[in-house]
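K.L.:
Before anything else, here's the structure in question.
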Amino acid sequence: MVSQKVVIKNPTGLHLRPAGNLCREAMQFKSLITFANAKSVLSVLGACVKCGDEIELHCDGADEEEALHSLVAAIENGLGE
């Protein structure tokens, strides 16, 4: 298992659009990806993540390193916003 902390930069936090983008990114990987269930939009929205919040992503599985790097990069690039 690998993990890394990352700060949410989106001004409005993880609302529906960036949460959906995060889930689409996470679903590309076989690994279990959590901070909330990163493959579930409702779980991500339910975490109520705001701008400036720090989350810790945990990836566990065959492609964990690739998953972690991809998700951290997506979050740092604003998740499409």
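Labels for the structure tokens follow display order: chains A, B, ..., residues from 1 in each chain, ligands from 1.
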DSSP on the backbone: which residues in chain A end up as alpha helix (DSSP H)? Give the answer as number ranges by chain.
P.N.:
A: 16-26, 41-46, 64-76
K.L.:
List as a short mmCIF file (atom, residue, chain, number, x, y, z; two decimals) with all heavy atoms, in the first residue's frame the protein and nucleic acid residues near His69 in chain A, meaning an atom at most 10 Å away when only C-alpha atoms are counted, but skip any in the same chain fewer than 3 places from it.
P.N.:
```
data_model
loop_
_atom_site.label_atom_id
_atom_site.label_comp_id
_atom_site.auth_asym_id
_atom_site.auth_seq_id
_atom_site.Cartn_x
_atom_site.Cartn_y
_atom_site.Cartn_z
N SER A 3 0.64 5.71 0.04
CA SER A 3 -0.26 6.82 0.37
C SER A 3 0.48 8.14 0.23
O SER A 3 1.71 8.18 0.25
CB SER A 3 -0.81 6.68 1.79
OG SER A 3 0.22 6.76 2.73
N GLN A 4 -0.29 9.19 0.06
CA GLN A 4 0.28 10.53 -0.04
C GLN A 4 -0.79 11.55 0.32
O GLN A 4 -1.96 11.38 0.00
CB GLN A 4 0.78 10.79 -1.47
CG GLN A 4 1.43 12.15 -1.63
CD GLN A 4 2.03 12.33 -3.02
OE1 GLN A 4 2.37 11.38 -3.69
NE2 GLN A 4 2.16 13.58 -3.42
N CYS A 59 -3.65 3.90 -1.77
CA CYS A 59 -3.83 3.02 -2.92
C CYS A 59 -3.22 1.67 -2.58
O CYS A 59 -2.08 1.61 -2.11
CB CYS A 59 -3.16 3.58 -4.17
SG CYS A 59 -3.79 5.20 -4.66
N GLU A 64 -0.94 0.21 -7.76
CA GLU A 64 -1.05 1.25 -6.72
C GLU A 64 -0.17 2.47 -6.97
O GLU A 64 -0.60 3.59 -6.76
CB GLU A 64 -0.79 0.66 -5.34
CG GLU A 64 0.58 0.08 -5.16
CD GLU A 64 0.75 -0.73 -3.88
OE1 GLU A 64 -0.24 -1.23 -3.32
OE2 GLU A 64 1.91 -0.83 -3.44
N GLU A 65 1.07 2.26 -7.40
CA GLU A 65 1.98 3.39 -7.63
C GLU A 65 1.45 4.28 -8.75
O GLU A 65 1.40 5.51 -8.61
CB GLU A 65 3.38 2.89 -7.99
CG GLU A 65 4.12 2.22 -6.85
CD GLU A 65 4.71 3.21 -5.87
OE1 GLU A 65 4.86 4.40 -6.20
OE2 GLU A 65 5.03 2.78 -4.75
N GLU A 66 1.04 3.67 -9.85
CA GLU A 66 0.52 4.42 -10.99
C GLU A 66 -0.77 5.15 -10.60
O GLU A 66 -0.96 6.31 -10.96
CB GLU A 66 0.26 3.46 -12.15
CG GLU A 66 -0.24 4.15 -13.39
CD GLU A 66 -0.56 3.17 -14.51
OE1 GLU A 66 -0.35 1.96 -14.36
OE2 GLU A 66 -1.06 3.66 -15.54
N VAL A 72 -2.93 12.05 -7.66
CA VAL A 72 -2.30 13.24 -7.08
C VAL A 72 -2.14 14.31 -8.17
O VAL A 72 -2.46 15.48 -7.95
CB VAL A 72 -0.96 12.89 -6.42
CG1 VAL A 72 -0.17 14.15 -6.09
CG2 VAL A 72 -1.19 12.07 -5.15
N ALA A 73 -1.68 13.90 -9.36
CA ALA A 73 -1.52 14.86 -10.46
C ALA A 73 -2.86 15.48 -10.84
O ALA A 73 -2.96 16.69 -11.06
CB ALA A 73 -0.88 14.17 -11.66
N ALA A 74 -3.91 14.67 -10.90
CA ALA A 74 -5.23 15.18 -11.26
C ALA A 74 -5.72 16.19 -10.23
O ALA A 74 -6.26 17.25 -10.59
CB ALA A 74 -6.23 14.02 -11.37
#
```
K.L.:
If you count only C-alpha atoms, which residues fall within 10 Å of Val2 in chain A, apart from same-chain ones fewer than 5 positions away, as a list in words?
P.N.:
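Answer for this query is Ile33, Leu57, His58, Cys59, Asp60, Gly61, Glu64, Glu65, Ala67 and Leu68 of chain A.
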K.L.:
Keeping only N, CA and C atoms, write the selected residues to a file as a compact mmCIF listing (two decimals), in the first residue's frame.
P.N.:
```
# COMPACT_ATOMS: atom_id res chain seq x y z
N ILE A 33 -8.66 2.39 -3.88
CA ILE A 33 -8.23 3.77 -3.70
C ILE A 33 -9.17 4.42 -2.71
N LEU A 57 -4.58 10.17 0.26
CA LEU A 57 -4.99 9.10 -0.63
C LEU A 57 -4.23 7.82 -0.27
N HIS A 58 -4.95 6.70 -0.23
CA HIS A 58 -4.35 5.39 0.01
C HIS A 58 -4.66 4.52 -1.20
N CYS A 59 -3.65 3.90 -1.77
CA CYS A 59 -3.83 3.02 -2.92
C CYS A 59 -3.22 1.67 -2.58
N ASP A 60 -3.98 0.60 -2.81
CA ASP A 60 -3.52 -0.74 -2.48
C ASP A 60 -3.92 -1.69 -3.59
N GLY A 61 -2.93 -2.25 -4.28
CA GLY A 61 -3.22 -3.20 -5.34
C GLY A 61 -2.11 -3.25 -6.37
N GLU A 64 -0.94 0.21 -7.76
CA GLU A 64 -1.05 1.25 -6.72
C GLU A 64 -0.17 2.47 -6.97
N GLU A 65 1.07 2.26 -7.40
CA GLU A 65 1.98 3.39 -7.63
C GLU A 65 1.45 4.28 -8.75
N ALA A 67 -1.63 4.47 -9.85
CA ALA A 67 -2.88 5.08 -9.42
C ALA A 67 -2.62 6.30 -8.55
N LEU A 68 -1.73 6.17 -7.59
CA LEU A 68 -1.43 7.27 -6.68
C LEU A 68 -0.89 8.48 -7.44
```
K.L.:
Please provide the set of residues having any atom within 8 Å of Lys9 in chain A, restricted to only C-alpha atoms, with same-chain residues fewer than 2 positions apart removed, written as a ChimeraX atom specification.
P.N.:
/A:7,11,13,51-52,75-76,78
K.L.:
Take the selection from the previous step and output its residues with N, CA and C atoms, as a CSV table (one decimal), in the first residue's frame.
P.N.:
```csv
chain,number,residue,atom,x,y,z
A,7,VAL,N,-3.3,18.6,-1.0
A,7,VAL,CA,-4.2,19.7,-0.7
A,7,VAL,C,-5.1,20.0,-1.9
A,11,PRO,N,-11.4,26.1,-5.8
A,11,PRO,CA,-11.9,27.1,-5.0
A,11,PRO,C,-13.2,26.7,-4.3
A,13,GLY,N,-14.0,23.4,-3.6
A,13,GLY,CA,-13.8,22.1,-3.0
A,13,GLY,C,-14.2,21.0,-4.0
A,51,CYS,N,-11.9,23.7,-0.2
A,51,CYS,CA,-10.6,24.3,-0.7
A,51,CYS,C,-9.7,24.4,0.5
A,52,GLY,N,-8.5,24.0,0.3
A,52,GLY,CA,-7.5,24.1,1.3
A,52,GLY,C,-7.4,22.8,2.2
A,75,ILE,N,-5.5,15.9,-9.0
A,75,ILE,CA,-6.0,16.8,-7.9
A,75,ILE,C,-5.1,18.1,-7.9
A,76,GLU,N,-3.8,18.0,-8.1
A,76,GLU,CA,-3.0,19.2,-8.2
A,76,GLU,C,-3.3,20.0,-9.4
A,78,GLY,N,-6.3,20.6,-10.5
A,78,GLY,CA,-7.6,21.1,-10.3
A,78,GLY,C,-8.8,20.3,-10.8
```
K.L.:
How would you write, as a list in words, the set of residues in chain A that DSSP gives as strand (DSSP E or B)?
P.N.:
Val2, Ser3, Gln4, Lys5, Val6, Val7, Leu32, Ile33, Thr34, Asn37, Glu54, Ile55, Glu56, Leu57, His58, Cys59 and Asp60 of chain A
K.L.:
Have a look at CA of Asp53 in chain A and CA of Gln28 in chain A and let me know their distance in Å, one decimal.
P.N.:
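A separation of 24.6 Å between them.
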K.L.:
Can you list every residue of range 32-79 of chain A that has an atom at most 10 Å from range 17-24 of chain A, with its nearest atom pair and the distance in Å to one decimal, using only C-alpha atoms, ordered by chain then number, as a Markdown table?
P.N.:
```
| residue | atom | partner | partner_atom | distance |
| --- | --- | --- | --- | --- |
| A:Ile33 | CA | A:Cys23 | CA | 9.8 |
| A:Asn37 | CA | A:Cys23 | CA | 8.9 |
| A:Ala38 | CA | A:Cys23 | CA | 5.7 |
| A:Lys39 | CA | A:Cys23 | CA | 4.7 |
| A:Ser40 | CA | A:Cys23 | CA | 6.2 |
| A:Val41 | CA | A:Gly20 | CA | 5.8 |
| A:Leu42 | CA | A:Ala19 | CA | 8.6 |
| A:Ser43 | CA | A:Ala19 | CA | 9.3 |
| A:Val44 | CA | A:Ala19 | CA | 6.2 |
| A:Leu45 | CA | A:Ala19 | CA | 6.7 |
| A:Val49 | CA | A:Ala19 | CA | 9.7 |
| A:Leu71 | CA | A:Leu22 | CA | 7.3 |
| A:Val72 | CA | A:Leu22 | CA | 9.9 |
| A:Ala74 | CA | A:Leu22 | CA | 7.4 |
| A:Ile75 | CA | A:Leu22 | CA | 7.6 |
| A:Gly78 | CA | A:Pro18 | CA | 7.8 |
| A:Leu79 | CA | A:Pro18 | CA | 5.3 |
```
